[in-house]
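> Sharing target_3.pdb here; it has PDB, C-alpha atoms and all ligand atoms.
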ATOM      1  CA  MET X   1     -21.119  -9.166  35.596  1.00  0.00           C
ATOM      2  CA  LYS X   2     -19.545  -7.236  32.723  1.00  0.00           C
ATOM      3  CA  GLN X   3     -21.967  -4.918  31.019  1.00  0.00           C
ATOM      4  CA  GLN X   4     -22.173  -5.279  27.250  1.00  0.00           C
ATOM      5  CA  GLY X   5     -24.466  -2.345  26.532  1.00  0.00           C
ATOM      6  CA  PHE X   6     -25.574  -2.407  22.944  1.00  0.00           C
ATOM      7  CA  SER X   7     -25.016  -6.093  22.390  1.00  0.00           C
ATOM      8  CA  PHE X   8     -27.673  -7.150  24.896  1.00  0.00           C
ATOM      9  CA  ASP X   9     -25.590 -10.293  25.358  1.00  0.00           C
ATOM     10  CA  LEU X  10     -25.316  -9.722  29.069  1.00  0.00           C
ATOM     11  CA  SER X  11     -27.266  -7.161  30.970  1.00  0.00           C
ATOM     12  CA  GLN X  12     -26.203  -5.677  34.240  1.00  0.00           C
ATOM     13  CA  SER X  13     -27.157  -8.087  36.968  1.00  0.00           C
ATOM     14  CA  ALA X  14     -30.550  -7.062  38.283  1.00  0.00           C
ATOM     15  CA  GLN X  15     -30.153  -4.124  40.589  1.00  0.00           C
ATOM     16  CA  ALA X  16     -31.632  -4.270  44.038  1.00  0.00           C
ATOM     17  CA  ALA X  17     -35.393  -4.099  43.762  1.00  0.00           C
ATOM     18  CA  ALA X  18     -36.628  -0.673  44.789  1.00  0.00           C
ATOM     19  CA  ALA X  19     -38.856  -0.600  47.826  1.00  0.00           C
ATOM     20  CA  THR X  20     -42.400   0.583  47.154  1.00  0.00           C
ATOM     21  CA  GLN X  21     -45.236   1.190  49.590  1.00  0.00           C
ATOM     22  CA  CYS X  22     -47.516  -0.901  47.399  1.00  0.00           C
ATOM     23  CA  PRO X  23     -48.514  -4.249  48.987  1.00  0.00           C
ATOM     24  CA  ALA X  24     -49.406  -5.822  45.610  1.00  0.00           C
ATOM     25  CA  PRO X  25     -47.039  -8.648  44.553  1.00  0.00           C
ATOM     26  CA  ILE X  26     -44.654  -6.576  42.428  1.00  0.00           C
ATOM     27  CA  THR X  27     -40.911  -6.178  41.971  1.00  0.00           C
ATOM     28  CA  LEU X  28     -39.613  -2.818  40.775  1.00  0.00           C
ATOM     29  CA  VAL X  29     -36.095  -2.702  39.318  1.00  0.00           C
ATOM     30  CA  ARG X  30     -35.029   0.862  38.613  1.00  0.00           C
ATOM     31  CA  GLY X  31     -32.669   1.312  35.652  1.00  0.00           C
ATOM     32  CA  PHE X  32     -32.885  -2.298  34.485  1.00  0.00           C
ATOM     33  CA  LEU X  33     -31.973  -1.187  30.934  1.00  0.00           C
ATOM     34  CA  ASN X  34     -28.896   0.975  30.475  1.00  0.00           C
ATOM     35  CA  VAL X  35     -28.876   4.005  28.175  1.00  0.00           C
ATOM     36  CA  GLU X  36     -27.521   2.121  25.139  1.00  0.00           C
ATOM     37  CA  GLN X  37     -30.105  -0.604  25.530  1.00  0.00           C
ATOM     38  CA  GLN X  38     -32.855   1.996  25.805  1.00  0.00           C
ATOM     39  CA  GLN X  39     -31.620   3.754  22.664  1.00  0.00           C
ATOM     40  CA  ALA X  40     -31.403   0.492  20.707  1.00  0.00           C
ATOM     41  CA  LEU X  41     -35.004  -0.330  21.583  1.00  0.00           C
ATOM     42  CA  MET X  42     -36.217   3.204  20.856  1.00  0.00           C
ATOM     43  CA  GLN X  43     -34.610   3.123  17.415  1.00  0.00           C
ATOM     44  CA  GLU X  44     -36.008  -0.304  16.686  1.00  0.00           C
ATOM     45  CA  ALA X  45     -39.484   0.882  17.749  1.00  0.00           C
ATOM     46  CA  GLN X  46     -39.451   3.536  15.027  1.00  0.00           C
ATOM     47  CA  HIS X  47     -40.024   0.650  12.594  1.00  0.00           C
ATOM     48  CA  TYR X  48     -42.694  -1.225  14.564  1.00  0.00           C
ATOM     49  CA  PRO X  49     -46.057  -1.645  12.770  1.00  0.00           C
ATOM     50  CA  PHE X  50     -48.031   0.230  15.466  1.00  0.00           C
ATOM     51  CA  GLU X  51     -51.797   0.338  15.076  1.00  0.00           C
ATOM     52  CA  ARG X  52     -54.581   2.244  16.758  1.00  0.00           C
ATOM     53  CA  PRO X  53     -57.514  -0.177  16.513  1.00  0.00           C
ATOM     54  CA  GLN X  54     -61.103   0.776  17.254  1.00  0.00           C
ATOM     55  CA  ILE X  55     -62.818  -0.635  20.319  1.00  0.00           C
ATOM     56  CA  ARG X  56     -66.523  -0.577  21.136  1.00  0.00           C
ATOM     57  CA  VAL X  57     -67.516   1.389  24.222  1.00  0.00           C
ATOM     58  CA  TYR X  58     -71.277   1.607  25.012  1.00  0.00           C
ATOM     59  CA  GLY X  59     -72.136   0.746  21.407  1.00  0.00           C
ATOM     60  CA  GLN X  60     -69.822   3.352  19.848  1.00  0.00           C
ATOM     61  CA  TYR X  61     -66.493   2.678  18.158  1.00  0.00           C
ATOM     62  CA  HIS X  62     -63.458   4.721  19.245  1.00  0.00           C
ATOM     63  CA  PRO X  63     -59.743   4.376  18.466  1.00  0.00           C
ATOM     64  CA  ILE X  64     -57.772   3.240  21.509  1.00  0.00           C
ATOM     65  CA  PRO X  65     -56.047   6.203  23.250  1.00  0.00           C
ATOM     66  CA  ARG X  66     -52.519   4.971  22.351  1.00  0.00           C
ATOM     67  CA  SER X  67     -51.060   2.708  19.661  1.00  0.00           C
ATOM     68  CA  GLN X  68     -49.892  -0.856  20.028  1.00  0.00           C
ATOM     69  CA  VAL X  69     -48.315  -3.904  18.439  1.00  0.00           C
ATOM     70  CA  TRP X  70     -48.139  -7.532  19.617  1.00  0.00           C
ATOM     71  CA  PHE X  71     -44.960  -9.528  18.921  1.00  0.00           C
ATOM     72  CA  ALA X  72     -45.182 -13.206  19.734  1.00  0.00           C
ATOM     73  CA  ASP X  73     -44.253 -16.769  18.927  1.00  0.00           C
ATOM     74  CA  LYS X  74     -46.317 -18.592  16.336  1.00  0.00           C
ATOM     75  CA  GLY X  75     -49.710 -19.664  17.680  1.00  0.00           C
ATOM     76  CA  CYS X  76     -49.727 -16.917  20.329  1.00  0.00           C
ATOM     77  CA  ASP X  77     -52.439 -14.607  19.043  1.00  0.00           C
ATOM     78  CA  TYR X  78     -54.036 -12.456  21.726  1.00  0.00           C
ATOM     79  CA  ARG X  79     -57.578 -11.330  22.434  1.00  0.00           C
ATOM     80  CA  TYR X  80     -57.526  -8.068  24.335  1.00  0.00           C
ATOM     81  CA  SER X  81     -60.409  -5.628  24.996  1.00  0.00           C
ATOM     82  CA  ASN X  82     -62.450  -7.589  22.421  1.00  0.00           C
ATOM     83  CA  LEU X  83     -59.690  -7.082  19.848  1.00  0.00           C
ATOM     84  CA  PHE X  84     -58.158 -10.075  18.178  1.00  0.00           C
ATOM     85  CA  ILE X  85     -54.467  -9.315  17.761  1.00  0.00           C
ATOM     86  CA  GLU X  86     -52.446 -11.546  15.467  1.00  0.00           C
ATOM     87  CA  ALA X  87     -48.858 -12.234  16.394  1.00  0.00           C
ATOM     88  CA  VAL X  88     -46.107 -10.378  14.492  1.00  0.00           C
ATOM     89  CA  ASP X  89     -42.577 -11.897  14.529  1.00  0.00           C
ATOM     90  CA  TRP X  90     -40.195 -10.736  17.286  1.00  0.00           C
ATOM     91  CA  PRO X  91     -37.812  -7.887  16.385  1.00  0.00           C
ATOM     92  CA  LYS X  92     -34.173  -8.254  17.465  1.00  0.00           C
ATOM     93  CA  TYR X  93     -33.961  -6.083  20.579  1.00  0.00           C
ATOM     94  CA  ALA X  94     -37.410  -6.931  21.925  1.00  0.00           C
ATOM     95  CA  GLN X  95     -36.333 -10.570  21.645  1.00  0.00           C
ATOM     96  CA  ARG X  96     -33.109  -9.812  23.530  1.00  0.00           C
ATOM     97  CA  CYS X  97     -35.095  -8.219  26.342  1.00  0.00           C
ATOM     98  CA  ARG X  98     -37.191 -11.355  26.526  1.00  0.00           C
ATOM     99  CA  ASP X  99     -33.979 -13.414  26.812  1.00  0.00           C
ATOM    100  CA  MET X 100     -32.610 -11.130  29.556  1.00  0.00           C
ATOM    101  CA  LEU X 101     -35.804 -11.489  31.578  1.00  0.00           C
ATOM    102  CA  ALA X 102     -35.627 -15.262  31.253  1.00  0.00           C
ATOM    103  CA  ARG X 103     -31.958 -15.343  32.262  1.00  0.00           C
ATOM    104  CA  GLU X 104     -32.124 -12.906  35.151  1.00  0.00           C
ATOM    105  CA  PHE X 105     -35.545 -13.637  36.615  1.00  0.00           C
ATOM    106  CA  GLY X 106     -36.537 -16.993  35.131  1.00  0.00           C
ATOM    107  CA  LEU X 107     -39.436 -15.094  33.596  1.00  0.00           C
ATOM    108  CA  GLN X 108     -40.782 -16.985  30.578  1.00  0.00           C
ATOM    109  CA  SER X 109     -42.699 -15.075  27.905  1.00  0.00           C
ATOM    110  CA  ASN X 110     -43.926 -15.921  24.426  1.00  0.00           C
ATOM    111  CA  GLY X 111     -45.348 -12.514  23.538  1.00  0.00           C
ATOM    112  CA  VAL X 112     -44.901  -8.824  24.236  1.00  0.00           C
ATOM    113  CA  LEU X 113     -47.509  -6.083  23.882  1.00  0.00           C
ATOM    114  CA  VAL X 114     -45.823  -2.780  23.046  1.00  0.00           C
ATOM    115  CA  ASN X 115     -47.840   0.349  23.800  1.00  0.00           C
ATOM    116  CA  ARG X 116     -46.847   3.740  22.440  1.00  0.00           C
ATOM    117  CA  TYR X 117     -48.114   6.848  24.235  1.00  0.00           C
ATOM    118  CA  ARG X 118     -47.404   9.928  22.047  1.00  0.00           C
ATOM    119  CA  ASP X 119     -47.598  12.271  25.036  1.00  0.00           C
ATOM    120  CA  GLY X 120     -49.478  12.680  28.313  1.00  0.00           C
ATOM    121  CA  ASN X 121     -52.843  12.663  26.531  1.00  0.00           C
ATOM    122  CA  ASP X 122     -52.456   9.016  25.541  1.00  0.00           C
ATOM    123  CA  THR X 123     -53.587   6.665  28.293  1.00  0.00           C
ATOM    124  CA  MET X 124     -54.538   3.181  29.434  1.00  0.00           C
ATOM    125  CA  GLY X 125     -57.705   2.772  31.530  1.00  0.00           C
ATOM    126  CA  TRP X 126     -58.184   0.608  34.631  1.00  0.00           C
ATOM    127  CA  HIS X 127     -57.859  -3.091  33.866  1.00  0.00           C
ATOM    128  CA  SER X 128     -56.213  -6.344  34.936  1.00  0.00           C
ATOM    129  CA  ASP X 129     -54.107  -8.450  32.590  1.00  0.00           C
ATOM    130  CA  ASP X 130     -56.326 -11.445  33.259  1.00  0.00           C
ATOM    131  CA  GLU X 131     -57.239 -12.627  29.782  1.00  0.00           C
ATOM    132  CA  VAL X 132     -58.145 -16.296  29.572  1.00  0.00           C
ATOM    133  CA  GLU X 133     -55.207 -17.161  27.320  1.00  0.00           C
ATOM    134  CA  ILE X 134     -52.613 -15.995  29.876  1.00  0.00           C
ATOM    135  CA  GLU X 135     -50.792 -19.000  31.331  1.00  0.00           C
ATOM    136  CA  PRO X 136     -52.002 -19.545  34.917  1.00  0.00           C
ATOM    137  CA  GLY X 137     -49.199 -18.912  37.420  1.00  0.00           C
ATOM    138  CA  SER X 138     -47.178 -16.703  35.074  1.00  0.00           C
ATOM    139  CA  ASP X 139     -45.708 -13.279  35.873  1.00  0.00           C
ATOM    140  CA  ILE X 140     -45.928 -10.206  33.601  1.00  0.00           C
ATOM    141  CA  ALA X 141     -42.877  -7.988  33.111  1.00  0.00           C
ATOM    142  CA  SER X 142     -43.300  -4.345  32.117  1.00  0.00           C
ATOM    143  CA  LEU X 143     -40.415  -2.277  30.681  1.00  0.00           C
ATOM    144  CA  THR X 144     -40.682   1.487  30.310  1.00  0.00           C
ATOM    145  CA  LEU X 145     -38.804   3.692  27.824  1.00  0.00           C
ATOM    146  CA  GLY X 146     -38.957   7.426  27.207  1.00  0.00           C
ATOM    147  CA  ALA X 147     -41.159   9.799  29.174  1.00  0.00           C
ATOM    148  CA  SER X 148     -41.769   9.164  32.877  1.00  0.00           C
ATOM    149  CA  ARG X 149     -45.403   8.473  33.680  1.00  0.00           C
ATOM    150  CA  ASP X 150     -47.406   7.637  36.785  1.00  0.00           C
ATOM    151  CA  PHE X 151     -48.500   4.002  36.901  1.00  0.00           C
ATOM    152  CA  LEU X 152     -51.491   3.461  39.209  1.00  0.00           C
ATOM    153  CA  ILE X 153     -52.371   0.257  41.033  1.00  0.00           C
ATOM    154  CA  ARG X 154     -55.624  -0.251  42.955  1.00  0.00           C
ATOM    155  CA  HIS X 155     -57.120  -3.105  44.909  1.00  0.00           C
ATOM    156  CA  LYS X 156     -60.345  -4.409  43.359  1.00  0.00           C
ATOM    157  CA  GLN X 157     -62.186  -4.724  46.681  1.00  0.00           C
ATOM    158  CA  THR X 158     -60.731  -2.138  49.050  1.00  0.00           C
ATOM    159  CA  LYS X 159     -59.985   0.392  46.245  1.00  0.00           C
ATOM    160  CA  ALA X 160     -56.699   1.179  48.044  1.00  0.00           C
ATOM    161  CA  ARG X 161     -54.597   2.979  45.455  1.00  0.00           C
ATOM    162  CA  TYR X 162     -50.847   3.383  44.922  1.00  0.00           C
ATOM    163  CA  THR X 163     -48.818   5.408  42.423  1.00  0.00           C
ATOM    164  CA  ILE X 164     -45.425   4.423  41.043  1.00  0.00           C
ATOM    165  CA  ALA X 165     -43.629   6.903  38.774  1.00  0.00           C
ATOM    166  CA  LEU X 166     -42.040   4.716  36.090  1.00  0.00           C
ATOM    167  CA  THR X 167     -39.014   6.198  34.349  1.00  0.00           C
ATOM    168  CA  SER X 168     -37.024   5.177  31.286  1.00  0.00           C
ATOM    169  CA  GLY X 169     -35.277   1.817  31.740  1.00  0.00           C
ATOM    170  CA  ASP X 170     -37.377   0.715  34.741  1.00  0.00           C
ATOM    171  CA  LEU X 171     -38.658  -2.832  34.988  1.00  0.00           C
ATOM    172  CA  LEU X 172     -41.826  -3.655  36.915  1.00  0.00           C
ATOM    173  CA  ILE X 173     -42.685  -7.304  37.413  1.00  0.00           C
ATOM    174  CA  MET X 174     -46.307  -8.048  38.260  1.00  0.00           C
ATOM    175  CA  HIS X 175     -46.216 -11.440  39.941  1.00  0.00           C
ATOM    176  CA  TRP X 176     -48.933 -14.053  39.861  1.00  0.00           C
ATOM    177  CA  PRO X 177     -51.655 -13.727  41.218  1.00  0.00           C
ATOM    178  CA  MET X 178     -51.600  -9.910  41.201  1.00  0.00           C
ATOM    179  CA  GLN X 179     -54.073  -9.648  38.321  1.00  0.00           C
ATOM    180  CA  GLN X 180     -56.782 -11.422  40.293  1.00  0.00           C
ATOM    181  CA  ALA X 181     -56.914  -8.881  43.116  1.00  0.00           C
ATOM    182  CA  TRP X 182     -55.512  -5.704  41.571  1.00  0.00           C
ATOM    183  CA  GLN X 183     -56.046  -3.418  38.582  1.00  0.00           C
ATOM    184  CA  HIS X 184     -53.654  -0.932  37.010  1.00  0.00           C
ATOM    185  CA  SER X 185     -53.863   2.114  34.737  1.00  0.00           C
ATOM    186  CA  LEU X 186     -51.827   4.854  33.126  1.00  0.00           C
ATOM    187  CA  PRO X 187     -53.779   8.114  33.577  1.00  0.00           C
ATOM    188  CA  LYS X 188     -53.570  11.291  31.521  1.00  0.00           C
ATOM    189  CA  ARG X 189     -50.785  13.663  32.494  1.00  0.00           C
ATOM    190  CA  LYS X 190     -51.249  16.934  30.591  1.00  0.00           C
ATOM    191  CA  ALA X 191     -47.779  18.197  31.500  1.00  0.00           C
ATOM    192  CA  VAL X 192     -46.020  15.287  29.735  1.00  0.00           C
ATOM    193  CA  SER X 193     -45.057  16.222  26.180  1.00  0.00           C
ATOM    194  CA  ASP X 194     -42.717  13.323  25.333  1.00  0.00           C
ATOM    195  CA  CYS X 195     -43.426   9.901  23.963  1.00  0.00           C
ATOM    196  CA  ARG X 196     -43.378   6.796  26.169  1.00  0.00           C
ATOM    197  CA  LEU X 197     -43.067   3.162  25.145  1.00  0.00           C
ATOM    198  CA  ASN X 198     -44.072   0.277  27.368  1.00  0.00           C
ATOM    199  CA  TYR X 199     -43.349  -3.403  26.740  1.00  0.00           C
ATOM    200  CA  THR X 200     -45.367  -5.994  28.682  1.00  0.00           C
ATOM    201  CA  PHE X 201     -43.918  -9.497  28.316  1.00  0.00           C
ATOM    202  CA  ARG X 202     -46.534 -12.200  28.792  1.00  0.00           C
ATOM    203  CA  GLN X 203     -46.763 -15.970  28.715  1.00  0.00           C
ATOM    204  CA  LEU X 204     -49.802 -17.260  26.811  1.00  0.00           C
ATOM    205  CA  VAL X 205     -51.119 -20.780  26.489  1.00  0.00           C
ATOM    206  CA  PRO X 206     -49.921 -21.580  22.930  1.00  0.00           C
ATOM    207  CA  ASN X 207     -52.574 -22.125  20.264  1.00  0.00           C
ATOM    208  CA  PHE X 208     -55.342 -21.015  22.616  1.00  0.00           C
ATOM    209  CA  HIS X 209     -57.259 -19.460  19.702  1.00  0.00           C
ATOM    210  CA  ALA X 210     -56.464 -22.171  17.190  1.00  0.00           C
ATOM    211  CA  THR X 211     -59.526 -23.604  15.473  1.00  0.00           C
ATOM    212  CA  GLY X 212     -60.067 -27.155  14.305  1.00  0.00           C
TER     213      GLY X 212
HETATM  214  O1  LIG X 301     -48.024   1.362  29.823  1.00  0.00           O
HETATM  215  C1  LIG X 301     -48.043   0.784  30.907  1.00  0.00           C
HETATM  216  O2  LIG X 301     -47.233   1.002  31.808  1.00  0.00           O
HETATM  217  C2  LIG X 301     -49.116  -0.257  31.164  1.00  0.00           C
HETATM  218  C3  LIG X 301     -49.420  -1.136  30.001  1.00  0.00           C
HETATM  219  C4  LIG X 301     -50.425  -2.160  30.353  1.00  0.00           C
HETATM  220  O3  LIG X 301     -50.997  -2.181  31.403  1.00  0.00           O
HETATM  221  C5  LIG X 301     -50.739  -3.223  29.408  1.00  0.00           C
HETATM  222  O4  LIG X 301     -50.161  -3.281  28.301  1.00  0.00           O
HETATM  223  O5  LIG X 301     -51.590  -4.070  29.717  1.00  0.00           O
HETATM  224 MN    MN X 302     -51.997  -4.112  31.773  1.00  0.00          MN
END
Once more with this new file: its structure as structure tokens, please.
Ligand SMILES: O=C(O)CCC(=O)C(=O)O
Ligand SMILES: [Mn+2]

Amino acid sequence: MKQQGFSFDLSQSAQAAAATQCPAPITLVRGFLNVEQQQALMQEAQHYPFERPQIRVYGQYHPIPRSQVWFADKGCDYRYSNLFIEAVDWPKYAQRCRDMLAREFGLQSNGVLVNRYRDGNDTMGWHSDDEVEIEPGSDIASLTLGASRDFLIRHKQTKARYTIALTSGDLLIMHWPMQQAWQHSLPKRKAVSDCRLNYTFRQLVPNFHATG
């Protein structure tokens, strides 16, 4: 397939999935986004309305240890860590990534959570993406840009733990029903001084939070 780089009209056909030791239902595609695609997204992200909302932990409010924005179709608001996140309209290149994922993997998504980690001090704690509004049976696709970071996966019962170093342009698909049995996290890495962006494309049940 001819590569169109910046246009995002056609991506490279999905490269062979990298083998990992991790038995969780995942597919890792190294270098899914080429350099031009990564740059286009990075530039676009400079204009995203990132926020650092406060969450309640043991009765105390703290800002989350990263910033985030949720782009989604109308009616796809998201409740996450007790935060109610209203959908913001899709920007151009995030939308093109969504289209590529649908074309190349049949992966449907109606929202993407973008997390921005300023450096290795910004983190994401252990969790599963198992919110009630996520469409049962759907996969979650995670795209990484910028700094390389360790992504940890652990089994809820056995606590068996695996580390995947995600680098710029990598795609990690977390297949259904991974979130039921496994958790994931992005731990602190003091030696990392660069910024990392992560896009998780999700399929929500539309209008789940609609009232009346
Ligand atoms: O930044 C990452 O790689 C993980 C993000 C994540 O787990 C999430 O947005 O739910
Ligand atoms: Mn997650």
> Residues up to 9 Å from ligand LIG 301 (chain X), counting all atoms listed in the file: could you list those as a short mmCIF file (atom, residue, chain, number, x, y, z; two decimals) with C-alpha atoms, keeping the file's coordinate frame?

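Result file is pocket06.cif:
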data_model
loop_
_atom_site.label_atom_id
_atom_site.label_comp_id
_atom_site.auth_asym_id
_atom_site.auth_seq_id
_atom_site.Cartn_x
_atom_site.Cartn_y
_atom_site.Cartn_z
CA GLN X 68 -49.89 -0.86 20.03
CA TYR X 80 -57.53 -8.07 24.34
CA VAL X 112 -44.90 -8.82 24.24
CA LEU X 113 -47.51 -6.08 23.88
CA VAL X 114 -45.82 -2.78 23.05
CA ASN X 115 -47.84 0.35 23.80
CA ARG X 116 -46.85 3.74 22.44
CA TYR X 117 -48.11 6.85 24.24
CA THR X 123 -53.59 6.66 28.29
CA MET X 124 -54.54 3.18 29.43
CA GLY X 125 -57.70 2.77 31.53
CA TRP X 126 -58.18 0.61 34.63
CA HIS X 127 -57.86 -3.09 33.87
CA SER X 128 -56.21 -6.34 34.94
CA ASP X 129 -54.11 -8.45 32.59
CA SER X 142 -43.30 -4.34 32.12
CA LEU X 143 -40.42 -2.28 30.68
CA THR X 144 -40.68 1.49 30.31
CA ARG X 149 -45.40 8.47 33.68
CA ASP X 150 -47.41 7.64 36.78
CA PHE X 151 -48.50 4.00 36.90
CA LEU X 152 -51.49 3.46 39.21
CA LEU X 166 -42.04 4.72 36.09
CA LEU X 172 -41.83 -3.66 36.92
CA GLN X 183 -56.05 -3.42 38.58
CA HIS X 184 -53.65 -0.93 37.01
CA SER X 185 -53.86 2.11 34.74
CA LEU X 186 -51.83 4.85 33.13
CA ARG X 196 -43.38 6.80 26.17
CA LEU X 197 -43.07 3.16 25.14
CA ASN X 198 -44.07 0.28 27.37
CA TYR X 199 -43.35 -3.40 26.74
CA THR X 200 -45.37 -5.99 28.68
CA PHE X 201 -43.92 -9.50 28.32
#
> Could you list, as a ChimeraX atom specification, every residue matched by the PyMOL selection byres (((chain X and resi 55-57) around 12) and not hetatm) in this structure?
/X:52-54,58-66,80-84
> Please evaluate the PyMOL selection byres (((chain X and resi 207) around 8) and not hetatm) against the displayed coordinates and give the resulting residues as an MDAnalysis selection string.
chainID X and resid 75:77 205:206 208:210
> Keeping only C-alpha atoms, write the selected residues as an mmCIF file, keeping the file's coordinate frame.

data_model
loop_
_atom_site.group_PDB
_atom_site.id
_atom_site.type_symbol
_atom_site.label_atom_id
_atom_site.label_comp_id
_atom_site.auth_asym_id
_atom_site.auth_seq_id
_atom_site.Cartn_x
_atom_site.Cartn_y
_atom_site.Cartn_z
ATOM 1 C CA GLY X 75 -49.710 -19.664 17.680
ATOM 2 C CA CYS X 76 -49.727 -16.917 20.329
ATOM 3 C CA ASP X 77 -52.439 -14.607 19.043
ATOM 4 C CA VAL X 205 -51.119 -20.780 26.489
ATOM 5 C CA PRO X 206 -49.921 -21.580 22.930
ATOM 6 C CA PHE X 208 -55.342 -21.015 22.616
ATOM 7 C CA HIS X 209 -57.259 -19.460 19.702
ATOM 8 C CA ALA X 210 -56.464 -22.171 17.190
#
> With only C-alpha atoms and all ligand atoms as the atoms that count, which of X:Gly169, X:Cys195, X:Lys188, X:Glu131 lies nearest to ligand MN 302 (chain X)?
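Result for the nearest residue to ligand MN 302 (chain X): X:Glu131.
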> Of the candidates X:Ser67, X:Ala147, X:Leu33, X:Lys74, which shows the shortest atom-to-atom distance to Arg96 of chain X, using only C-alpha atoms?
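Closest to Arg96 of chain X of all the choices is X:Leu33.
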> Skip Gln179 of chain X itself and residues of its chain fewer than 5 positions away, then list as a PyMOL selection string all residues within 12 Å of it, counting all atoms listed in the file.
chain X and resi 24-26+126-132+134+136-140+153-156+173-174+184
> Do you have the atom CA of Met178 of chain X-atom CA of Asp194 of chain X distance handy?
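Answer for the atom CA of Met178 of chain X to atom CA of Asp194 of chain X separation: 29.5 Å.
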> Which one of X:Arg118, X:Ser148, X:Ala141, X:Lys190 sits closest to ligand MN 302 (chain X) if you count only C-alpha atoms and all ligand atoms?
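Selected residue with least distance to ligand MN 302 (chain X): X:Ala141.
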> Taking all atoms listed in the file into account, name the residue in X:Thr158, X:Gln203, X:Ser168, X:Gln43 that is nearest to Asp73 of chain X.
X:Gln203
> If we count all atoms listed in the file and set the cut-off at 10 Å, which residues sit around Ala45 of chain X, ignoring sequence neighbours fewer than 4 positions away in its own chain? Please answer as an mmCIF file with C-alpha atoms, keeping the file's coordinate frame.

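In the end it all went to out-v9.cif:
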data_model
loop_
_atom_site.group_PDB
_atom_site.id
_atom_site.type_symbol
_atom_site.label_atom_id
_atom_site.label_comp_id
_atom_site.auth_asym_id
_atom_site.auth_seq_id
_atom_site.Cartn_x
_atom_site.Cartn_y
_atom_site.Cartn_z
ATOM 1 C CA GLN X 39 -31.620 3.754 22.664
ATOM 2 C CA ALA X 40 -31.403 0.492 20.707
ATOM 3 C CA LEU X 41 -35.004 -0.330 21.583
ATOM 4 C CA PRO X 49 -46.057 -1.645 12.770
ATOM 5 C CA PHE X 50 -48.031 0.230 15.466
ATOM 6 C CA PRO X 91 -37.812 -7.887 16.385
ATOM 7 C CA TYR X 93 -33.961 -6.083 20.579
ATOM 8 C CA ALA X 94 -37.410 -6.931 21.925
ATOM 9 C CA VAL X 114 -45.823 -2.780 23.046
ATOM 10 C CA ARG X 116 -46.847 3.740 22.440
ATOM 11 C CA LEU X 197 -43.067 3.162 25.145
#
> State, in Å with one decimal place, the distance from atom CA of Thr163 of chain X to atom CA of Leu107 of chain X.
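Atom CA of Leu107 of chain X lies 24.2 Å from atom CA of Thr163 of chain X.
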> Pick out the closest residue to Val192 of chain X from this set: X:Ala87, X:Trp70, X:Asp170, X:Asp122. Count all atoms listed in the file.
X:Asp122
